[in-house]
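**Q** One structure, pasted below without further comment.
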Amino acid sequence: MNKTLLYSTFAIGLAALVFLSGCSTKETAPTAPTVVSGLAVGHAKLEQVPVANRAVGTIHASESAVLSAQVMGRIVSVQVREGDAVAAGQTVVRLDDAQSQSDVARVQANVAGAKHAVEVAEAESSLAASTLARYQTLRDRKSVSPQEFDVVERRSQEAGAQLEAAKAQMSAVEAGSSGARTAAGYSRIAAPFAGTVTARHVDPGTLAAPGVPLLEIDKAGPLQLHVTVDESLLPSLRTGMQVPVELSGSAQQVNGSVAAILPAADPSTHSFGVKIALPAAKGLRAGMYGTASFATGSRPAILLPQAALVAHGSLNSVWVVDSNHIAWLRYVTVGAQQSGMIEALSGVSAGETVILNPGDRELSGKRIEVQP
């Protein structure tokens with residue numbers, strides 16, 4: 001077989017194969033997409049959202065006190081522990097008062113002696129005054145000499161002076177008695193107001209000294225969040241304005257109000273302290289952290305219903321329904337949450353339709369019949 005015949009045979013076989021293959025091929029009709037019904041949808045909306053400066057601070061009692069002794073003394077008893085509730089005026093620490101009680105007894109004895117001295121001086125002054133009155137009558141009758149009258153008059157004057165001296169001594173002794181009683185009272189340290197003991201620094205047997213902390217007490221009642229803000233924020237702040245506060249350790253948010261703006265700035269940071277009064281809230285305690293948001297304006301943002309989000313590990317996505325009612329998965333970057341909506345930083349456009357509460361369904365390419 002020559003080459004020409006070989007090529008002709010190959011060409012005829014190839015043509016036959018193509019013909020047979022074409023005859024066996026059938027056209028397939030396009031498959032209609034699966035229809036999913038009963039799903040609710042929402043929409044991505046372009047809205048103005050507030051621009052806020054956030055400041056983190058610590059929650060404090062509106063009033064707190066650090067208790068210390070006013071005199072040096074050995075601590076006899078500490079009658080409270082951390083977490084105990086105390087009433088105003090309740091004794092919380094007692095010092096050894098043996099010396100102060102001895103001083104009180106001594107000055108009380110001095111007071112008694114001074115009173116007796118005043119009584120004696122009053123009697124002598126009264127007697128001298130009555131004697132002088134009789135001698136004045138006798139002098140008028142020329143019955144006593146001038147020298148005798150002068151002696152009686154001088155004795156009356158001396159008795160009066162002695163009475164005044166006794167009274168002055170009495171006043172001094174009484175002042176000393178008051179001081180001794182006050183000093184004795186320093187051995188009893190009382191709570192200045194009703195509240196809770198937040199720290200206990202000493203135990204019985206410790207030597208207390210003026211200025212050394214013994215206990216710390218927070219006043220019962222509303223709490224405050226203390227934050228610092230930049231001086232540029234001051235023009236937008238005013239006392240009484242409402243401030244949203246996020247509490248640490250939970251998603252709880254409360255509305256506080258500006259209670260005070262400190263008039264002096266921190267010289268190193270040029271920031272100002274702001275105290276925000278907080279409403280009563282479950283689990284709220286002094287020492288916790290909180291974040292205050294100070295509104296300074298607004299900006300446009302695309303908001304999605306939070307129910308549309310589907311989490312894939314650290315990624316978030318939404319099912320977007322196109323104009324043909326077909327669902328497609330779209331990954332999105334989200335921002336802050338507010339009132340059931342969440343800001344979409346990327347991934348969707350305003351006006352697009354998204355499926356709510358899709359769960360773990362696979363909806364890609366499926367036709368969505370919207371729930372009426």
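Ordering of the structure tokens sets the chain letters (A, B, ...); residue numbers start at 1 within each chain; ligands are numbered from 1 in the order shown.
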Would you return as a PyMOL selection string the members of segment 119-264 of chain A that DSSP assigns to strand (DSSP E or B) on this structure's backbone?
**A** chain A and resi 188-190+195-200+207-208+210+213-219+223-230+242-247+253-264
**Q** Identify all residues of segment 7-225 of chain A in alpha helix (DSSP H) (DSSP on the backbone) and supply them as a ChimeraX atom specification.
**A** /A:7-24,98-140,146-185
**Q** Mind checking which residues fall within 9 Å of Gly335 of chain A, counting only C-alpha atoms, ignoring those fewer than 3 positions away in the same chain, and posting them as a list in words?
**A** Ile342, Glu343, Ala344 and Leu345 of chain A
**Q** Write the residues you've just listed into a file as an mmCIF file, in the first residue's frame, and include C-alpha atoms for each of them.
**A**
data_model
loop_
_atom_site.group_PDB
_atom_site.id
_atom_site.type_symbol
_atom_site.label_atom_id
_atom_site.label_comp_id
_atom_site.auth_asym_id
_atom_site.auth_seq_id
_atom_site.Cartn_x
_atom_site.Cartn_y
_atom_site.Cartn_z
ATOM 1 C CA ILE A 342 -24.531 46.499 61.777
ATOM 2 C CA GLU A 343 -22.352 48.659 59.588
ATOM 3 C CA ALA A 344 -21.066 47.037 56.391
ATOM 4 C CA LEU A 345 -17.638 48.446 55.602
#
**Q** If we count only C-alpha atoms, what is near segment 351-355 of chain A at a cut-off of 8 Å, once residues fewer than 2 positions away on the same chain are taken out, given as a PDB file with N, CA, C and O atoms, in the first residue's frame?
**A**
ATOM      1  N   LEU A  39     -38.447  32.334  53.234  1.00  0.00           N
ATOM      2  CA  LEU A  39     -37.373  33.133  53.819  1.00  0.00           C
ATOM      3  C   LEU A  39     -37.750  34.616  53.833  1.00  0.00           C
ATOM      4  O   LEU A  39     -38.373  35.109  52.893  1.00  0.00           O
ATOM      5  N   ALA A  40     -37.354  35.292  54.898  1.00  0.00           N
ATOM      6  CA  ALA A  40     -37.567  36.739  54.997  1.00  0.00           C
ATOM      7  C   ALA A  40     -36.323  37.460  54.499  1.00  0.00           C
ATOM      8  O   ALA A  40     -35.208  36.937  54.578  1.00  0.00           O
ATOM      9  N   VAL A  41     -36.504  38.650  53.991  1.00  0.00           N
ATOM     10  CA  VAL A  41     -35.376  39.427  53.483  1.00  0.00           C
ATOM     11  C   VAL A  41     -35.381  40.820  54.101  1.00  0.00           C
ATOM     12  O   VAL A  41     -36.380  41.296  54.626  1.00  0.00           O
ATOM     13  N   GLY A  42     -34.215  41.448  54.045  1.00  0.00           N
ATOM     14  CA  GLY A  42     -34.060  42.831  54.457  1.00  0.00           C
ATOM     15  C   GLY A  42     -33.247  43.555  53.412  1.00  0.00           C
ATOM     16  O   GLY A  42     -32.940  42.993  52.343  1.00  0.00           O
ATOM     17  N   HIS A  43     -32.885  44.783  53.714  1.00  0.00           N
ATOM     18  CA  HIS A  43     -32.171  45.584  52.722  1.00  0.00           C
ATOM     19  C   HIS A  43     -31.008  46.318  53.365  1.00  0.00           C
ATOM     20  O   HIS A  43     -31.073  46.722  54.535  1.00  0.00           O
ATOM     21  N   ALA A  44     -29.953  46.476  52.592  1.00  0.00           N
ATOM     22  CA  ALA A  44     -28.832  47.327  53.006  1.00  0.00           C
ATOM     23  C   ALA A  44     -29.254  48.779  52.801  1.00  0.00           C
ATOM     24  O   ALA A  44     -29.720  49.146  51.721  1.00  0.00           O
ATOM     25  N   LYS A  45     -29.100  49.593  53.853  1.00  0.00           N
ATOM     26  CA  LYS A  45     -29.584  50.973  53.806  1.00  0.00           C
ATOM     27  C   LYS A  45     -28.431  51.950  54.024  1.00  0.00           C
ATOM     28  O   LYS A  45     -27.553  51.708  54.852  1.00  0.00           O
ATOM     29  N   LEU A  46     -28.487  53.035  53.290  1.00  0.00           N
ATOM     30  CA  LEU A  46     -27.534  54.117  53.490  1.00  0.00           C
ATOM     31  C   LEU A  46     -28.147  55.103  54.478  1.00  0.00           C
ATOM     32  O   LEU A  46     -29.175  55.714  54.192  1.00  0.00           O
ATOM     33  N   ALA A 308     -28.899  39.152  59.162  1.00  0.00           N
ATOM     34  CA  ALA A 308     -28.471  38.655  57.850  1.00  0.00           C
ATOM     35  C   ALA A 308     -27.073  38.059  57.881  1.00  0.00           C
ATOM     36  O   ALA A 308     -26.679  37.346  56.956  1.00  0.00           O
ATOM     37  N   VAL A 318     -23.037  37.387  53.831  1.00  0.00           N
ATOM     38  CA  VAL A 318     -24.488  37.518  53.719  1.00  0.00           C
ATOM     39  C   VAL A 318     -24.915  36.877  52.410  1.00  0.00           C
ATOM     40  O   VAL A 318     -24.121  36.744  51.472  1.00  0.00           O
ATOM     41  N   TRP A 319     -26.167  36.407  52.362  1.00  0.00           N
ATOM     42  CA  TRP A 319     -26.756  35.923  51.119  1.00  0.00           C
ATOM     43  C   TRP A 319     -27.465  37.101  50.463  1.00  0.00           C
ATOM     44  O   TRP A 319     -28.415  37.642  51.000  1.00  0.00           O
ATOM     45  N   VAL A 320     -26.964  37.501  49.283  1.00  0.00           N
ATOM     46  CA  VAL A 320     -27.531  38.630  48.534  1.00  0.00           C
ATOM     47  C   VAL A 320     -28.449  38.076  47.442  1.00  0.00           C
ATOM     48  O   VAL A 320     -28.092  37.128  46.733  1.00  0.00           O
ATOM     49  N   VAL A 321     -29.645  38.649  47.314  1.00  0.00           N
ATOM     50  CA  VAL A 321     -30.609  38.238  46.295  1.00  0.00           C
ATOM     51  C   VAL A 321     -30.540  39.239  45.137  1.00  0.00           C
ATOM     52  O   VAL A 321     -30.756  40.445  45.336  1.00  0.00           O
ATOM     53  N   ASP A 322     -30.233  38.737  43.931  1.00  0.00           N
ATOM     54  CA  ASP A 322     -30.086  39.653  42.792  1.00  0.00           C
ATOM     55  C   ASP A 322     -31.454  39.979  42.178  1.00  0.00           C
ATOM     56  O   ASP A 322     -32.507  39.562  42.694  1.00  0.00           O
ATOM     57  N   VAL A 348     -21.184  44.906  50.272  1.00  0.00           N
ATOM     58  CA  VAL A 348     -22.543  45.154  49.783  1.00  0.00           C
ATOM     59  C   VAL A 348     -22.705  46.636  49.486  1.00  0.00           C
ATOM     60  O   VAL A 348     -21.969  47.473  49.992  1.00  0.00           O
ATOM     61  N   SER A 349     -23.736  46.904  48.685  1.00  0.00           N
ATOM     62  CA  SER A 349     -24.056  48.278  48.333  1.00  0.00           C
ATOM     63  C   SER A 349     -25.436  48.632  48.872  1.00  0.00           C
ATOM     64  O   SER A 349     -26.262  47.750  49.141  1.00  0.00           O
ATOM     65  N   ASN A 357     -31.782  35.535  58.678  1.00  0.00           N
ATOM     66  CA  ASN A 357     -31.781  34.255  59.404  1.00  0.00           C
ATOM     67  C   ASN A 357     -31.693  33.051  58.453  1.00  0.00           C
ATOM     68  O   ASN A 357     -32.523  32.140  58.500  1.00  0.00           O
ATOM     69  N   PRO A 358     -30.677  33.014  57.601  1.00  0.00           N
ATOM     70  CA  PRO A 358     -30.574  31.891  56.663  1.00  0.00           C
ATOM     71  C   PRO A 358     -30.100  30.594  57.317  1.00  0.00           C
ATOM     72  O   PRO A 358     -30.248  29.520  56.730  1.00  0.00           O
TER      73      PRO A 358
END
**Q** Counting only C-alpha atoms, which residues in segment 156-180 of chain A sit no more than 12 Å from segment 127-150 of chain A? For each one, give the nearest pair of atoms and the distance in Å, sorted by chain then residue number, as a tab-separated table.
**A**
residue	atom	partner	partner_atom	distance
A:Ser156	CA	A:Ala128	CA	4.5
A:Gln157	CA	A:Ala128	CA	8.1
A:Glu158	CA	A:Ala128	CA	8.9
A:Ala159	CA	A:Ala128	CA	6.6
A:Gly160	CA	A:Ala128	CA	8.4
A:Ala161	CA	A:Ala128	CA	11.5
A:Gln162	CA	A:Ala128	CA	11.5
A:Leu163	CA	A:Ala128	CA	11.4
**Q** Limited to N, CA, C and O atoms, could you put the picked residues into a file as an mmCIF file, in the first residue's frame?
**A**
data_model
loop_
_atom_site.group_PDB
_atom_site.id
_atom_site.type_symbol
_atom_site.label_atom_id
_atom_site.label_comp_id
_atom_site.auth_asym_id
_atom_site.auth_seq_id
_atom_site.Cartn_x
_atom_site.Cartn_y
_atom_site.Cartn_z
ATOM 1 N N SER A 156 -12.472 93.219 150.020
ATOM 2 C CA SER A 156 -13.575 92.914 149.105
ATOM 3 C C SER A 156 -13.093 92.845 147.666
ATOM 4 O O SER A 156 -13.485 91.966 146.889
ATOM 5 N N GLN A 157 -12.208 93.779 147.307
ATOM 6 C CA GLN A 157 -11.650 93.782 145.957
ATOM 7 C C GLN A 157 -10.815 92.524 145.698
ATOM 8 O O GLN A 157 -10.880 91.927 144.619
ATOM 9 N N GLU A 158 -10.020 92.145 146.684
ATOM 10 C CA GLU A 158 -9.197 90.944 146.544
ATOM 11 C C GLU A 158 -10.069 89.692 146.405
ATOM 12 O O GLU A 158 -9.768 88.793 145.609
ATOM 13 N N ALA A 159 -11.152 89.638 147.180
ATOM 14 C CA ALA A 159 -12.048 88.490 147.089
ATOM 15 C C ALA A 159 -12.688 88.415 145.701
ATOM 16 O O ALA A 159 -12.853 87.326 145.117
ATOM 17 N N GLY A 160 -13.044 89.565 145.137
ATOM 18 C CA GLY A 160 -13.608 89.586 143.789
ATOM 19 C C GLY A 160 -12.596 89.130 142.749
ATOM 20 O O GLY A 160 -12.930 88.393 141.814
ATOM 21 N N ALA A 161 -11.334 89.574 142.935
ATOM 22 C CA ALA A 161 -10.291 89.168 141.995
ATOM 23 C C ALA A 161 -10.037 87.660 142.083
ATOM 24 O O ALA A 161 -9.827 86.989 141.062
ATOM 25 N N GLN A 162 -10.051 87.139 143.298
ATOM 26 C CA GLN A 162 -9.851 85.704 143.469
ATOM 27 C C GLN A 162 -10.998 84.906 142.818
ATOM 28 O O GLN A 162 -10.778 83.835 142.247
ATOM 29 N N LEU A 163 -12.208 85.445 142.887
ATOM 30 C CA LEU A 163 -13.338 84.772 142.248
ATOM 31 C C LEU A 163 -13.163 84.747 140.735
ATOM 32 O O LEU A 163 -13.401 83.715 140.082
#
**Q** Between A:Ala265, A:Val151, A:Val274, A:Ala336, which residue has the minimum interatomic distance to Leu303 of chain A, considering only C-alpha atoms?
**A** A:Ala336
**Q** At a cut-off of 12 Å, using only C-alpha atoms, what residues contact Asn324 of chain A? Leave out same-chain residues fewer than 6 positions from it and give the result as a ChimeraX atom specification.
**A** /A:33,35,353,365-369
**Q** Taking only C-alpha atoms into account, name the residue in A:Ala85, A:Ile276, A:Ala114, A:Val254 that is nearest to Glu216 of chain A.
**A**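 Between A:Ala85, A:Ile276, A:Ala114, A:Val254, the residue approaching Glu216 of chain A most closely is A:Ala85.
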**Q** Here is a test: counting only C-alpha atoms, which residue of A:Leu278, A:Val370, A:Val212, A:Gly240 is nearest to Ile326 of chain A?
**A**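 Among A:Leu278, A:Val370, A:Val212, A:Gly240, it is A:Val370 that comes nearest to Ile326 of chain A.
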**Q** For Asp218 of chain A, find every residue with an atom within 8 Å (counting only C-alpha atoms), except residues of its own chain fewer than 6 positions away, and show them as a ChimeraX atom specification.
**A** /A:61-65,195-198
**Q** Kindly save the residues from that selection, with N, CA and C atoms included, as a PDB file, in the first residue's frame.
**A**
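Contents of again.pdb, freshly written:
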ATOM      1  N   ALA A  61     -17.297  54.848  93.004  1.00  0.00           N
ATOM      2  CA  ALA A  61     -18.422  55.351  93.784  1.00  0.00           C
ATOM      3  C   ALA A  61     -18.441  56.874  93.686  1.00  0.00           C
ATOM      4  N   SER A  62     -19.615  57.459  93.869  1.00  0.00           N
ATOM      5  CA  SER A  62     -19.701  58.921  93.797  1.00  0.00           C
ATOM      6  C   SER A  62     -18.894  59.574  94.918  1.00  0.00           C
ATOM      7  N   GLU A  63     -18.755  58.870  96.050  1.00  0.00           N
ATOM      8  CA  GLU A  63     -17.906  59.326  97.151  1.00  0.00           C
ATOM      9  C   GLU A  63     -17.191  58.115  97.730  1.00  0.00           C
ATOM     10  N   SER A  64     -15.949  58.313  98.144  1.00  0.00           N
ATOM     11  CA  SER A  64     -15.200  57.255  98.808  1.00  0.00           C
ATOM     12  C   SER A  64     -14.325  57.882  99.880  1.00  0.00           C
ATOM     13  N   ALA A  65     -13.952  57.088 100.859  1.00  0.00           N
ATOM     14  CA  ALA A  65     -13.156  57.595 101.979  1.00  0.00           C
ATOM     15  C   ALA A  65     -12.082  56.585 102.339  1.00  0.00           C
ATOM     16  N   GLY A 195     -22.146  52.570 103.279  1.00  0.00           N
ATOM     17  CA  GLY A 195     -21.491  52.114 102.066  1.00  0.00           C
ATOM     18  C   GLY A 195     -20.943  50.710 102.214  1.00  0.00           C
ATOM     19  N   THR A 196     -19.889  50.431 101.448  1.00  0.00           N
ATOM     20  CA  THR A 196     -19.284  49.102 101.412  1.00  0.00           C
ATOM     21  C   THR A 196     -17.786  49.222 101.628  1.00  0.00           C
ATOM     22  N   VAL A 197     -17.241  48.331 102.443  1.00  0.00           N
ATOM     23  CA  VAL A 197     -15.793  48.303 102.682  1.00  0.00           C
ATOM     24  C   VAL A 197     -15.130  47.703 101.445  1.00  0.00           C
ATOM     25  N   THR A 198     -14.237  48.450 100.823  1.00  0.00           N
ATOM     26  CA  THR A 198     -13.573  47.973  99.608  1.00  0.00           C
ATOM     27  C   THR A 198     -12.145  47.510  99.859  1.00  0.00           C
TER      28      THR A 198
END
**Q** Excluding same-chain residues fewer than 5 positions from His116 of chain A, what lies within 10 Å of it counting only C-alpha atoms, as a count of residues only?
**A** 6
